[in-house]
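Visitor: Just one file: entry_1.pdb, with PDB, C-alpha atoms and all ligand atoms.
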```pdb
MODEL        1
ATOM      1  CA  MET M   1      91.105  85.736  73.999  1.00  0.00           C
ATOM      2  CA  GLU M   2      91.265  88.299  76.788  1.00  0.00           C
ATOM      3  CA  THR M   3      94.046  90.834  76.491  1.00  0.00           C
ATOM      4  CA  LYS M   4      96.709  90.642  79.161  1.00  0.00           C
ATOM      5  CA  ASN M   5      97.500  93.435  81.586  1.00  0.00           C
ATOM      6  CA  ASN M   6     100.333  95.688  80.676  1.00  0.00           C
ATOM      7  CA  ILE M   7     102.459  97.039  83.472  1.00  0.00           C
ATOM      8  CA  LYS M   8     103.544 100.639  83.087  1.00  0.00           C
ATOM      9  CA  HIS M   9     104.085 101.688  86.684  1.00  0.00           C
ATOM     10  CA  LEU M  10     105.542  99.394  89.331  1.00  0.00           C
ATOM     11  CA  ALA M  11     106.146 100.428  92.935  1.00  0.00           C
ATOM     12  CA  ILE M  12     108.151  98.489  95.500  1.00  0.00           C
ATOM     13  CA  ILE M  13     108.338  98.707  99.283  1.00  0.00           C
ATOM     14  CA  MET M  14     111.909  97.501  99.688  1.00  0.00           C
ATOM     15  CA  ASP M  15     111.697  95.903 103.120  1.00  0.00           C
ATOM     16  CA  GLY M  16     113.722  93.327 105.030  1.00  0.00           C
ATOM     17  CA  ASN M  17     117.260  94.690 104.822  1.00  0.00           C
ATOM     18  CA  GLY M  18     117.844  94.674 108.579  1.00  0.00           C
ATOM     19  CA  ARG M  19     116.468  91.178 109.169  1.00  0.00           C
ATOM     20  CA  TRP M  20     118.472  89.850 106.216  1.00  0.00           C
ATOM     21  CA  ALA M  21     121.654  91.166 107.842  1.00  0.00           C
ATOM     22  CA  LYS M  22     120.719  89.966 111.326  1.00  0.00           C
ATOM     23  CA  ALA M  23     120.092  86.444 110.039  1.00  0.00           C
ATOM     24  CA  LYS M  24     123.641  86.443 108.713  1.00  0.00           C
ATOM     25  CA  GLY M  25     125.115  87.824 111.939  1.00  0.00           C
ATOM     26  CA  LEU M  26     125.904  91.133 110.216  1.00  0.00           C
ATOM     27  CA  PRO M  27     125.129  94.716 111.254  1.00  0.00           C
ATOM     28  CA  ARG M  28     121.943  96.207 109.770  1.00  0.00           C
ATOM     29  CA  SER M  29     124.067  98.568 107.674  1.00  0.00           C
ATOM     30  CA  LYS M  30     125.284  95.586 105.619  1.00  0.00           C
ATOM     31  CA  GLY M  31     121.668  94.803 104.801  1.00  0.00           C
ATOM     32  CA  HIS M  32     121.137  98.328 103.514  1.00  0.00           C
ATOM     33  CA  GLU M  33     124.279  98.089 101.386  1.00  0.00           C
ATOM     34  CA  ALA M  34     123.119  94.801  99.912  1.00  0.00           C
ATOM     35  CA  GLY M  35     119.689  96.362  99.337  1.00  0.00           C
ATOM     36  CA  ALA M  36     121.264  99.188  97.312  1.00  0.00           C
ATOM     37  CA  LYS M  37     122.772  96.540  95.005  1.00  0.00           C
ATOM     38  CA  THR M  38     119.327  95.016  94.510  1.00  0.00           C
ATOM     39  CA  ILE M  39     118.040  98.434  93.405  1.00  0.00           C
ATOM     40  CA  GLU M  40     120.676  98.435  90.671  1.00  0.00           C
ATOM     41  CA  SER M  41     119.883  94.965  89.368  1.00  0.00           C
ATOM     42  CA  ILE M  42     116.103  95.396  89.481  1.00  0.00           C
ATOM     43  CA  THR M  43     116.306  98.787  87.760  1.00  0.00           C
ATOM     44  CA  ARG M  44     118.445  97.375  84.955  1.00  0.00           C
ATOM     45  CA  PHE M  45     116.077  94.469  84.489  1.00  0.00           C
ATOM     46  CA  CYS M  46     113.135  96.864  84.201  1.00  0.00           C
ATOM     47  CA  VAL M  47     115.015  98.818  81.527  1.00  0.00           C
ATOM     48  CA  ASP M  48     116.117  95.807  79.499  1.00  0.00           C
ATOM     49  CA  HIS M  49     113.305  93.296  79.815  1.00  0.00           C
ATOM     50  CA  THR M  50     109.992  94.976  80.591  1.00  0.00           C
ATOM     51  CA  ASP M  51     107.558  97.632  79.333  1.00  0.00           C
ATOM     52  CA  ILE M  52     107.671  99.344  82.698  1.00  0.00           C
ATOM     53  CA  LYS M  53     107.960 103.102  82.267  1.00  0.00           C
ATOM     54  CA  THR M  54     108.047 104.095  85.946  1.00  0.00           C
ATOM     55  CA  LEU M  55     109.635 102.286  88.871  1.00  0.00           C
ATOM     56  CA  THR M  56     108.868 103.878  92.240  1.00  0.00           C
ATOM     57  CA  LEU M  57     110.955 102.656  95.166  1.00  0.00           C
ATOM     58  CA  TYR M  58     110.259 103.345  98.837  1.00  0.00           C
ATOM     59  CA  ALA M  59     113.701 104.183 100.233  1.00  0.00           C
ATOM     60  CA  PHE M  60     113.036 106.269 103.366  1.00  0.00           C
ATOM     61  CA  SER M  61     109.709 106.998 105.049  1.00  0.00           C
ATOM     62  CA  THR M  62     108.590 109.985 107.110  1.00  0.00           C
ATOM     63  CA  GLU M  63     108.552 107.536 110.037  1.00  0.00           C
ATOM     64  CA  ASN M  64     112.086 106.191 109.479  1.00  0.00           C
ATOM     65  CA  TRP M  65     113.527 109.198 111.386  1.00  0.00           C
ATOM     66  CA  LYS M  66     112.459 107.291 114.519  1.00  0.00           C
ATOM     67  CA  ARG M  67     115.346 104.862 114.016  1.00  0.00           C
ATOM     68  CA  PRO M  68     118.609 105.295 115.941  1.00  0.00           C
ATOM     69  CA  LYS M  69     120.589 108.301 114.720  1.00  0.00           C
ATOM     70  CA  SER M  70     123.466 106.047 113.682  1.00  0.00           C
ATOM     71  CA  GLU M  71     121.204 104.118 111.283  1.00  0.00           C
ATOM     72  CA  VAL M  72     119.604 107.278 109.877  1.00  0.00           C
ATOM     73  CA  ASP M  73     123.057 108.800 109.341  1.00  0.00           C
ATOM     74  CA  PHE M  74     124.209 105.644 107.601  1.00  0.00           C
ATOM     75  CA  LEU M  75     121.174 105.634 105.306  1.00  0.00           C
ATOM     76  CA  MET M  76     121.804 109.265 104.318  1.00  0.00           C
ATOM     77  CA  LYS M  77     125.444 108.512 103.496  1.00  0.00           C
ATOM     78  CA  LEU M  78     124.431 105.411 101.566  1.00  0.00           C
ATOM     79  CA  LEU M  79     121.927 107.418  99.547  1.00  0.00           C
ATOM     80  CA  GLU M  80     124.626 109.901  98.620  1.00  0.00           C
ATOM     81  CA  ARG M  81     126.999 107.109  97.619  1.00  0.00           C
ATOM     82  CA  TYR M  82     124.269 105.335  95.654  1.00  0.00           C
ATOM     83  CA  LEU M  83     123.269 108.448  93.699  1.00  0.00           C
ATOM     84  CA  LYS M  84     126.831 109.356  92.809  1.00  0.00           C
ATOM     85  CA  LYS M  85     127.492 105.839  91.577  1.00  0.00           C
ATOM     86  CA  GLU M  86     124.219 105.442  89.719  1.00  0.00           C
ATOM     87  CA  LEU M  87     124.513 108.675  87.776  1.00  0.00           C
ATOM     88  CA  ARG M  88     126.579 106.808  85.191  1.00  0.00           C
ATOM     89  CA  THR M  89     123.901 104.148  84.832  1.00  0.00           C
ATOM     90  CA  TYR M  90     121.229 106.827  84.442  1.00  0.00           C
ATOM     91  CA  HIS M  91     123.159 108.360  81.550  1.00  0.00           C
ATOM     92  CA  GLU M  92     124.086 105.027  80.018  1.00  0.00           C
ATOM     93  CA  HIS M  93     120.516 103.681  79.980  1.00  0.00           C
ATOM     94  CA  LYS M  94     118.681 106.998  79.509  1.00  0.00           C
ATOM     95  CA  ILE M  95     117.008 106.657  82.887  1.00  0.00           C
ATOM     96  CA  ARG M  96     115.210 109.704  84.213  1.00  0.00           C
ATOM     97  CA  PHE M  97     115.707 110.088  87.948  1.00  0.00           C
ATOM     98  CA  HIS M  98     113.027 111.623  90.105  1.00  0.00           C
ATOM     99  CA  ALA M  99     112.402 111.924  93.839  1.00  0.00           C
ATOM    100  CA  ILE M 100     109.126 112.149  95.732  1.00  0.00           C
ATOM    101  CA  GLY M 101     108.646 113.091  99.368  1.00  0.00           C
ATOM    102  CA  ASP M 102     109.736 116.088 101.383  1.00  0.00           C
ATOM    103  CA  ILE M 103     113.474 116.292 100.831  1.00  0.00           C
ATOM    104  CA  SER M 104     113.668 119.704 102.532  1.00  0.00           C
ATOM    105  CA  LYS M 105     114.438 117.741 105.720  1.00  0.00           C
ATOM    106  CA  PHE M 106     117.653 116.390 104.171  1.00  0.00           C
ATOM    107  CA  SER M 107     121.060 118.079 104.388  1.00  0.00           C
ATOM    108  CA  ALA M 108     121.656 120.936 101.945  1.00  0.00           C
ATOM    109  CA  LYS M 109     124.362 118.838 100.283  1.00  0.00           C
ATOM    110  CA  LEU M 110     122.063 115.888  99.673  1.00  0.00           C
ATOM    111  CA  GLN M 111     119.242 118.122  98.443  1.00  0.00           C
ATOM    112  CA  LYS M 112     121.639 119.708  95.969  1.00  0.00           C
ATOM    113  CA  LEU M 113     122.824 116.322  94.713  1.00  0.00           C
ATOM    114  CA  ILE M 114     119.233 115.097  94.252  1.00  0.00           C
ATOM    115  CA  GLN M 115     118.329 118.256  92.341  1.00  0.00           C
ATOM    116  CA  GLU M 116     121.425 118.007  90.139  1.00  0.00           C
ATOM    117  CA  ILE M 117     120.706 114.418  89.176  1.00  0.00           C
ATOM    118  CA  LYS M 118     117.072 115.245  88.463  1.00  0.00           C
ATOM    119  CA  ASP M 119     118.193 118.112  86.220  1.00  0.00           C
ATOM    120  CA  GLN M 120     120.846 116.088  84.426  1.00  0.00           C
ATOM    121  CA  THR M 121     118.449 113.263  83.577  1.00  0.00           C
ATOM    122  CA  LYS M 122     115.199 115.131  83.019  1.00  0.00           C
ATOM    123  CA  GLU M 123     115.222 114.790  79.220  1.00  0.00           C
ATOM    124  CA  TYR M 124     115.631 111.014  79.265  1.00  0.00           C
ATOM    125  CA  ASP M 125     112.636 109.029  78.158  1.00  0.00           C
ATOM    126  CA  GLY M 126     113.655 105.485  79.048  1.00  0.00           C
ATOM    127  CA  LEU M 127     112.600 104.279  82.462  1.00  0.00           C
ATOM    128  CA  THR M 128     111.807 106.842  85.147  1.00  0.00           C
ATOM    129  CA  GLN M 129     113.243 105.703  88.469  1.00  0.00           C
ATOM    130  CA  VAL M 130     111.480 107.437  91.336  1.00  0.00           C
ATOM    131  CA  LEU M 131     112.960 107.238  94.827  1.00  0.00           C
ATOM    132  CA  ALA M 132     110.560 107.948  97.682  1.00  0.00           C
ATOM    133  CA  LEU M 133     112.705 109.933 100.126  1.00  0.00           C
ATOM    134  CA  ASN M 134     111.316 111.171 103.419  1.00  0.00           C
ATOM    135  CA  TYR M 135     108.079 110.100 101.824  1.00  0.00           C
ATOM    136  CA  GLY M 136     104.791 109.555 103.634  1.00  0.00           C
ATOM    137  CA  ALA M 137     101.476 109.301 101.822  1.00  0.00           C
ATOM    138  CA  ARG M 138      99.675 111.367 104.465  1.00  0.00           C
ATOM    139  CA  ASP M 139     102.348 114.045 104.225  1.00  0.00           C
ATOM    140  CA  GLU M 140     102.045 113.987 100.415  1.00  0.00           C
ATOM    141  CA  ILE M 141      98.267 114.404 100.590  1.00  0.00           C
ATOM    142  CA  ILE M 142      98.543 117.237 103.139  1.00  0.00           C
ATOM    143  CA  ARG M 143     101.065 119.069 100.962  1.00  0.00           C
ATOM    144  CA  ALA M 144      98.842 118.568  97.893  1.00  0.00           C
ATOM    145  CA  VAL M 145      95.801 119.997  99.669  1.00  0.00           C
ATOM    146  CA  GLN M 146      97.871 122.945 100.918  1.00  0.00           C
ATOM    147  CA  LYS M 147      99.016 123.599  97.338  1.00  0.00           C
ATOM    148  CA  LEU M 148      95.427 123.545  96.078  1.00  0.00           C
ATOM    149  CA  ASN M 149      94.316 125.752  98.926  1.00  0.00           C
ATOM    150  CA  ALA M 150      96.936 128.344  98.020  1.00  0.00           C
ATOM    151  CA  THR M 151      95.914 128.372  94.359  1.00  0.00           C
ATOM    152  CA  THR M 152      92.178 128.233  95.230  1.00  0.00           C
ATOM    153  CA  SER M 153      91.734 125.463  92.684  1.00  0.00           C
ATOM    154  CA  GLU M 154      88.545 123.515  92.573  1.00  0.00           C
ATOM    155  CA  ILE M 155      88.832 120.323  94.635  1.00  0.00           C
ATOM    156  CA  ASN M 156      88.314 117.356  92.349  1.00  0.00           C
ATOM    157  CA  GLU M 157      90.050 114.056  91.635  1.00  0.00           C
ATOM    158  CA  ALA M 158      92.130 115.345  88.739  1.00  0.00           C
ATOM    159  CA  ASN M 159      93.350 118.391  90.680  1.00  0.00           C
ATOM    160  CA  ILE M 160      94.321 116.368  93.724  1.00  0.00           C
ATOM    161  CA  ALA M 161      96.146 113.790  91.568  1.00  0.00           C
ATOM    162  CA  GLN M 162      97.986 116.612  89.833  1.00  0.00           C
ATOM    163  CA  ALA M 163      99.020 118.291  93.079  1.00  0.00           C
ATOM    164  CA  LEU M 164     100.504 115.087  94.504  1.00  0.00           C
ATOM    165  CA  ASP M 165     104.213 114.333  94.147  1.00  0.00           C
ATOM    166  CA  THR M 166     103.470 111.511  91.702  1.00  0.00           C
ATOM    167  CA  PRO M 167     101.917 112.590  88.397  1.00  0.00           C
ATOM    168  CA  TYR M 168     102.839 109.331  86.649  1.00  0.00           C
ATOM    169  CA  GLY M 169      99.498 107.872  85.728  1.00  0.00           C
ATOM    170  CA  GLU M 170      97.992 104.850  87.374  1.00  0.00           C
ATOM    171  CA  LEU M 171     100.021 102.610  89.634  1.00  0.00           C
ATOM    172  CA  ASP M 172      99.571  99.094  88.270  1.00  0.00           C
ATOM    173  CA  LEU M 173     101.352  96.904  90.755  1.00  0.00           C
ATOM    174  CA  LEU M 174     102.799  97.213  94.247  1.00  0.00           C
ATOM    175  CA  ILE M 175     105.279  94.681  95.588  1.00  0.00           C
ATOM    176  CA  ARG M 176     106.359  94.594  99.228  1.00  0.00           C
ATOM    177  CA  THR M 177     109.303  92.374 100.028  1.00  0.00           C
ATOM    178  CA  GLY M 178     110.395  91.249 103.471  1.00  0.00           C
ATOM    179  CA  GLY M 179     107.286  89.405 104.634  1.00  0.00           C
ATOM    180  CA  GLU M 180     105.163  92.154 106.209  1.00  0.00           C
ATOM    181  CA  ARG M 181     101.649  92.647 104.830  1.00  0.00           C
ATOM    182  CA  ARG M 182     101.113  96.357 105.306  1.00  0.00           C
ATOM    183  CA  LEU M 183     101.488  99.613 103.384  1.00  0.00           C
ATOM    184  CA  SER M 184     103.470 101.654 105.941  1.00  0.00           C
ATOM    185  CA  ASN M 185     102.146 104.998 104.665  1.00  0.00           C
ATOM    186  CA  PHE M 186     103.134 104.422 101.022  1.00  0.00           C
ATOM    187  CA  LEU M 187     101.166 105.875  98.073  1.00  0.00           C
ATOM    188  CA  LEU M 188      97.760 105.657  99.766  1.00  0.00           C
ATOM    189  CA  TRP M 189      95.962 107.689  97.080  1.00  0.00           C
ATOM    190  CA  GLN M 190      97.687 106.012  94.112  1.00  0.00           C
ATOM    191  CA  LEU M 191      97.100 102.462  95.360  1.00  0.00           C
ATOM    192  CA  SER M 192      93.297 102.664  95.047  1.00  0.00           C
ATOM    193  CA  TYR M 193      93.121 100.114  92.220  1.00  0.00           C
ATOM    194  CA  SER M 194      96.637  98.710  92.106  1.00  0.00           C
ATOM    195  CA  GLU M 195      97.301  95.012  92.290  1.00  0.00           C
ATOM    196  CA  LEU M 196      99.249  93.983  95.397  1.00  0.00           C
ATOM    197  CA  HIS M 197     101.932  91.353  95.827  1.00  0.00           C
ATOM    198  CA  PHE M 198     103.571  90.488  99.136  1.00  0.00           C
ATOM    199  CA  SER M 199     106.814  88.530  98.962  1.00  0.00           C
ATOM    200  CA  ASP M 200     108.541  86.886 101.911  1.00  0.00           C
ATOM    201  CA  THR M 201     111.938  87.410 100.306  1.00  0.00           C
ATOM    202  CA  PRO M 202     114.010  90.079 102.070  1.00  0.00           C
ATOM    203  CA  TRP M 203     114.914  92.891  99.672  1.00  0.00           C
ATOM    204  CA  PRO M 204     118.648  92.012  99.436  1.00  0.00           C
ATOM    205  CA  ASP M 205     117.695  88.532  98.139  1.00  0.00           C
ATOM    206  CA  PHE M 206     114.932  89.718  95.780  1.00  0.00           C
ATOM    207  CA  ASP M 207     115.993  88.930  92.228  1.00  0.00           C
ATOM    208  CA  VAL M 208     114.948  89.310  88.614  1.00  0.00           C
ATOM    209  CA  ASP M 209     113.534  85.764  88.361  1.00  0.00           C
ATOM    210  CA  GLU M 210     111.124  86.465  91.204  1.00  0.00           C
ATOM    211  CA  LEU M 211     110.181  89.795  89.662  1.00  0.00           C
ATOM    212  CA  GLN M 212     109.544  88.130  86.297  1.00  0.00           C
ATOM    213  CA  ASN M 213     107.249  85.578  87.973  1.00  0.00           C
ATOM    214  CA  ILE M 214     105.321  88.351  89.728  1.00  0.00           C
ATOM    215  CA  ILE M 215     104.950  90.259  86.445  1.00  0.00           C
ATOM    216  CA  ASP M 216     103.729  87.110  84.670  1.00  0.00           C
ATOM    217  CA  ASP M 217     101.137  86.578  87.411  1.00  0.00           C
ATOM    218  CA  PHE M 218     100.073  90.225  87.189  1.00  0.00           C
ATOM    219  CA  LYS M 219      99.520  89.923  83.434  1.00  0.00           C
ATOM    220  CA  ASN M 220      96.869  87.281  83.992  1.00  0.00           C
ATOM    221  CA  ARG M 221      94.989  88.959  86.831  1.00  0.00           C
ATOM    222  CA  LYS M 222      91.432  90.092  86.187  1.00  0.00           C
ATOM    223  CA  ARG M 223      91.220  93.802  86.921  1.00  0.00           C
ATOM    224  CA  ASN M 224      87.667  95.066  87.288  1.00  0.00           C
ATOM    225  CA  PHE M 225      88.028  98.659  88.481  1.00  0.00           C
ATOM    226  CA  GLY M 226      84.579  98.290  90.008  1.00  0.00           C
ATOM    227  CA  GLY M 227      82.998  97.140  86.749  1.00  0.00           C
ATOM    228  CA  LEU M 228      82.240  93.642  85.562  1.00  0.00           C
TER     229      LEU M 228
HETATM  230  C1  LIG G   1     113.957  98.531 104.562  1.00  0.00           C
HETATM  231  O1  LIG G   1     114.542  97.564 105.359  1.00  0.00           O
HETATM  232  C2  LIG G   1     114.846  99.729 104.355  1.00  0.00           C
HETATM  233  C3  LIG G   1     114.396 100.946 105.051  1.00  0.00           C
HETATM  234  C4  LIG G   1     113.280 101.075 105.703  1.00  0.00           C
HETATM  235  C5  LIG G   1     115.279 102.086 104.990  1.00  0.00           C
HETATM  236  P1  LIG G   1     114.439  97.641 106.942  1.00  0.00           P
HETATM  237  O2  LIG G   1     115.563  98.457 107.463  1.00  0.00           O
HETATM  238  O3  LIG G   1     113.090  98.091 107.361  1.00  0.00           O
HETATM  239  O4  LIG G   1     114.667  96.115 107.323  1.00  0.00           O
HETATM  240  P2  LIG G   1     113.865  95.289 108.406  1.00  0.00           P
HETATM  241  O5  LIG G   1     112.414  95.434 108.118  1.00  0.00           O
HETATM  242  O6  LIG G   1     114.252  95.870 109.732  1.00  0.00           O
HETATM  243  O7  LIG G   1     114.340  93.900 108.214  1.00  0.00           O
HETATM  244  C1  LIG G   2     108.737 100.808 105.009  1.00  0.00           C
HETATM  245  O1  LIG G   2     109.480  99.905 105.743  1.00  0.00           O
HETATM  246  C2  LIG G   2     109.597 101.949 104.567  1.00  0.00           C
HETATM  247  C3  LIG G   2     110.607 101.630 103.576  1.00  0.00           C
HETATM  248  C4  LIG G   2     110.785 100.475 102.991  1.00  0.00           C
HETATM  249  C5  LIG G   2     111.466 102.718 103.205  1.00  0.00           C
HETATM  250  P1  LIG G   2     109.543  99.974 107.345  1.00  0.00           P
HETATM  251  O2  LIG G   2     110.400  98.850 107.769  1.00  0.00           O
HETATM  252  O3  LIG G   2     109.922 101.325 107.782  1.00  0.00           O
HETATM  253  O4  LIG G   2     108.018  99.712 107.733  1.00  0.00           O
HETATM  254  P2  LIG G   2     107.392  99.253 109.122  1.00  0.00           P
HETATM  255  O5  LIG G   2     107.919 100.184 110.189  1.00  0.00           O
HETATM  256  O6  LIG G   2     107.817  97.843 109.355  1.00  0.00           O
HETATM  257  O7  LIG G   2     105.915  99.354 108.926  1.00  0.00           O
HETATM  258 MG    MG G   3     111.353  97.145 107.786  1.00  0.00          MG
ENDMDL
END
```
Here is the file; what I need is its structure written in the form of structure tokens.
Guide:
Amino acid sequence: METKNNIKHLAIIMDGNGRWAKAKGLPRSKGHEAGAKTIESITRFCVDHTDIKTLTLYAFSTENWKRPKSEVDFLMKLLERYLKKELRTYHEHKIRFHAIGDISKFSAKLQKLIQEIKDQTKEYDGLTQVLALNYGARDEIIRAVQKLNATTSEINEANIAQALDTPYGELDLLIRTGGERRLSNFLLWQLSYSELHFSDTPWPDFDVDELQNIIDDFKNRKRNFGGL
């Protein structure tokens, strides 16, 4: 019998918050609030019921600054609220928190909070929850190349992978919720051989049953990595 795939690193493009709210006659901000709740339930499920070691969540892209200032401001406040609330869960479930992306564009207060939570949870070896914050794959690759340039390292695959924000091994599976079939500048290097799943469910409605079904499907996929 063929061995089944094991999923160690899952990434999710959490999309569809705004449309979910609009369909209910609510402001987009309500969709983002509901989406933050989904992060909590999906993270807990990954801790309790899966072998997933790393969960990387796309929360704010380098292009999301183009949105109206009121929405950007709301998202920043929501992130602060979310992190303060989740700190307890991180401690309780031994979750290591990490952030990728260029957070130097965030307020000093938010940067400090992110750093504090990273520091407080860095010894935990349960799940690592990675939030992609002001993240863009092109920006990540540019910063990695600049780092290598400054250290005059040899340019090879291992060195580039190491210089990226995401030294968490291979990315096994990417899920995008919300119905769009595109990558929107997420993890372009890491996705080379990941399996992809596009769900029509808006992120606020995405639940653990759907995730379990996607994981079950992933386990039975034939991954070739260019071989036979
Ligand atoms: C994803 O939901 C959350 C962020 C990008 C911050 P959207 O806000 O993109 O929701 P839609 O795609 O407009 O429905
Ligand atoms: C991708 O969603 C970014 C996040 C989920 C944070 P977007 O809603 O920003 O993507 P586009 O603009 O539809 O491609
Ligand atoms: Mg969207």
Visitor: Using only C-alpha atoms and all ligand atoms, which residue out of M:Asp205, M:Asp102, M:Glu140, M:Asp125 lies closest to ligand LIG 1 (chain G)?
Guide: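 Distance minimum relative to ligand LIG 1 (chain G) lands on M:Asp205.
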Visitor: Given a cut-off of 12 Å, what residues near ligand MG 3 (chain G) show up using all atoms listed in the file, put as number ranges by chain?
Guide: M: 13-21, 28, 31-32, 35, 58-61, 63-64, 67, 176-184, 202-203
Visitor: Once 5 Å is added on each side, what are the centre and the three edge lengths, in Å to one decimal, of the axis-aligned box enclosing the listed atoms of segment 67-81 of chain M? Present them as JSON.
Guide:
```
{"center_x": 121.2, "center_y": 107.0, "center_z": 106.8, "size_x": 21.7, "size_y": 15.8, "size_z": 28.3}
```
Visitor: Pick the closest to ligand LIG 2 (chain G) from M:Phe106, M:Lys66, M:Val208, M:Gly126: which is it, counting all atoms listed in the file?
Guide: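 That would be M:Lys66, the residue with the smallest distance to ligand LIG 2 (chain G).
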Visitor: Have a look at M:Leu78, M:Ala99, M:Ala23, M:Leu57 and name the one nearest to ligand LIG 2 (chain G); count all atoms listed in the file.
Guide: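 Among the listed residues, the smallest separation from ligand LIG 2 (chain G) belongs to M:Leu57.
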Visitor: Counting only C-alpha atoms, select every polymer residue within 12 Å of (93.2, 87.3, 83.7) as defined in the file's coordinates, and provide the selection as a compact mmCIF listing (two decimals) with C-alpha atoms, in the frame of the given file.
Guide:
```
# COMPACT_ATOMS: atom_id res chain seq x y z
CA MET M 1 91.10 85.74 74.00
CA GLU M 2 91.26 88.30 76.79
CA THR M 3 94.05 90.83 76.49
CA LYS M 4 96.71 90.64 79.16
CA ASN M 5 97.50 93.44 81.59
CA ASN M 6 100.33 95.69 80.68
CA ASP M 216 103.73 87.11 84.67
CA ASP M 217 101.14 86.58 87.41
CA PHE M 218 100.07 90.22 87.19
CA LYS M 219 99.52 89.92 83.43
CA ASN M 220 96.87 87.28 83.99
CA ARG M 221 94.99 88.96 86.83
CA LYS M 222 91.43 90.09 86.19
CA ARG M 223 91.22 93.80 86.92
CA ASN M 224 87.67 95.07 87.29
```
Visitor: Between atom CA of Leu228 of chain M and atom CA of Ile215 of chain M, measure the distance and give it in Å to one decimal.
Guide: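 According to the coordinates, atom CA of Leu228 of chain M and atom CA of Ile215 of chain M are separated by 23.0 Å.
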Visitor: To one decimal in Å, tell me the separation between atom CA of His91 of chain M and atom CA of Leu113 of chain M.
Guide: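 If I compute the distance from atom CA of His91 of chain M to atom CA of Leu113 of chain M, I get 15.4 Å.
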Visitor: Leu191 of chain M: which residues within 10 Å, counting all atoms listed in the file, same-chain residues fewer than 6 positions away excluded, as a CSV table (one decimal) with C-alpha atoms, keeping the file's coordinate frame?
Guide:
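New file result29.csv:
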```
chain,number,residue,atom,x,y,z
M,11,ALA,CA,106.1,100.4,92.9
M,170,GLU,CA,98.0,104.8,87.4
M,171,LEU,CA,100.0,102.6,89.6
M,172,ASP,CA,99.6,99.1,88.3
M,173,LEU,CA,101.4,96.9,90.8
M,174,LEU,CA,102.8,97.2,94.2
M,183,LEU,CA,101.5,99.6,103.4
```
Visitor: Have a look at atom CA of Glu80 of chain M and atom CA of Gln115 of chain M and let me know their distance in Å, one decimal.
Guide: 12.2 Å
Visitor: Evaluating the PyMOL selection byres (((chain M and resi 40-56) around 10) and not hetatm) on the displayed file yields which residues, as an MDAnalysis selection string?
Guide: chainID M and resid 6:13 35:39 57:59 82 86 89:90 93:100 125:132 166 168:169 171:172 174 187 206:209 211:212 215
Visitor: Residues within 12 Å of Asp139 of chain M, please, as a list in words. Count all atoms listed in the file; anything in the same chain fewer than 4 positions from it doesn't count.
Guide: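 Surrounding residues, per the criterion: Ser61, Thr62, Glu63, Ile100, Gly101, Asp102, Ile103, Leu133, Asn134, Tyr135, Arg143, Ala144, Val145, Gln146, Leu164, Asp165, Asn185, Phe186, Leu187, Leu188 and Trp189 of chain M.
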Visitor: Could you tell me which of M:Arg88, M:Ile142, M:Glu33, M:Leu75 comes closest to ligand LIG 1 (chain G) if we count only C-alpha atoms and all ligand atoms?
Guide: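 Ranking M:Arg88, M:Ile142, M:Glu33, M:Leu75 by distance to ligand LIG 1 (chain G), first place goes to M:Leu75.
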Visitor: Find, counting only C-alpha atoms and all ligand atoms, the residue in M:Ser153, M:Lys118, M:Gly226, M:Pro204 that gets nearest to ligand LIG 1 (chain G).
Guide: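 Counting only C-alpha atoms and all ligand atoms, the residue closest to ligand LIG 1 (chain G) is M:Pro204.
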Visitor: Which of these residues is nearest to ligand LIG 1 (chain G), using only C-alpha atoms and all ligand atoms: M:Asp119, M:Gln111, M:Phe225, M:Thr201?
Guide: M:Thr201
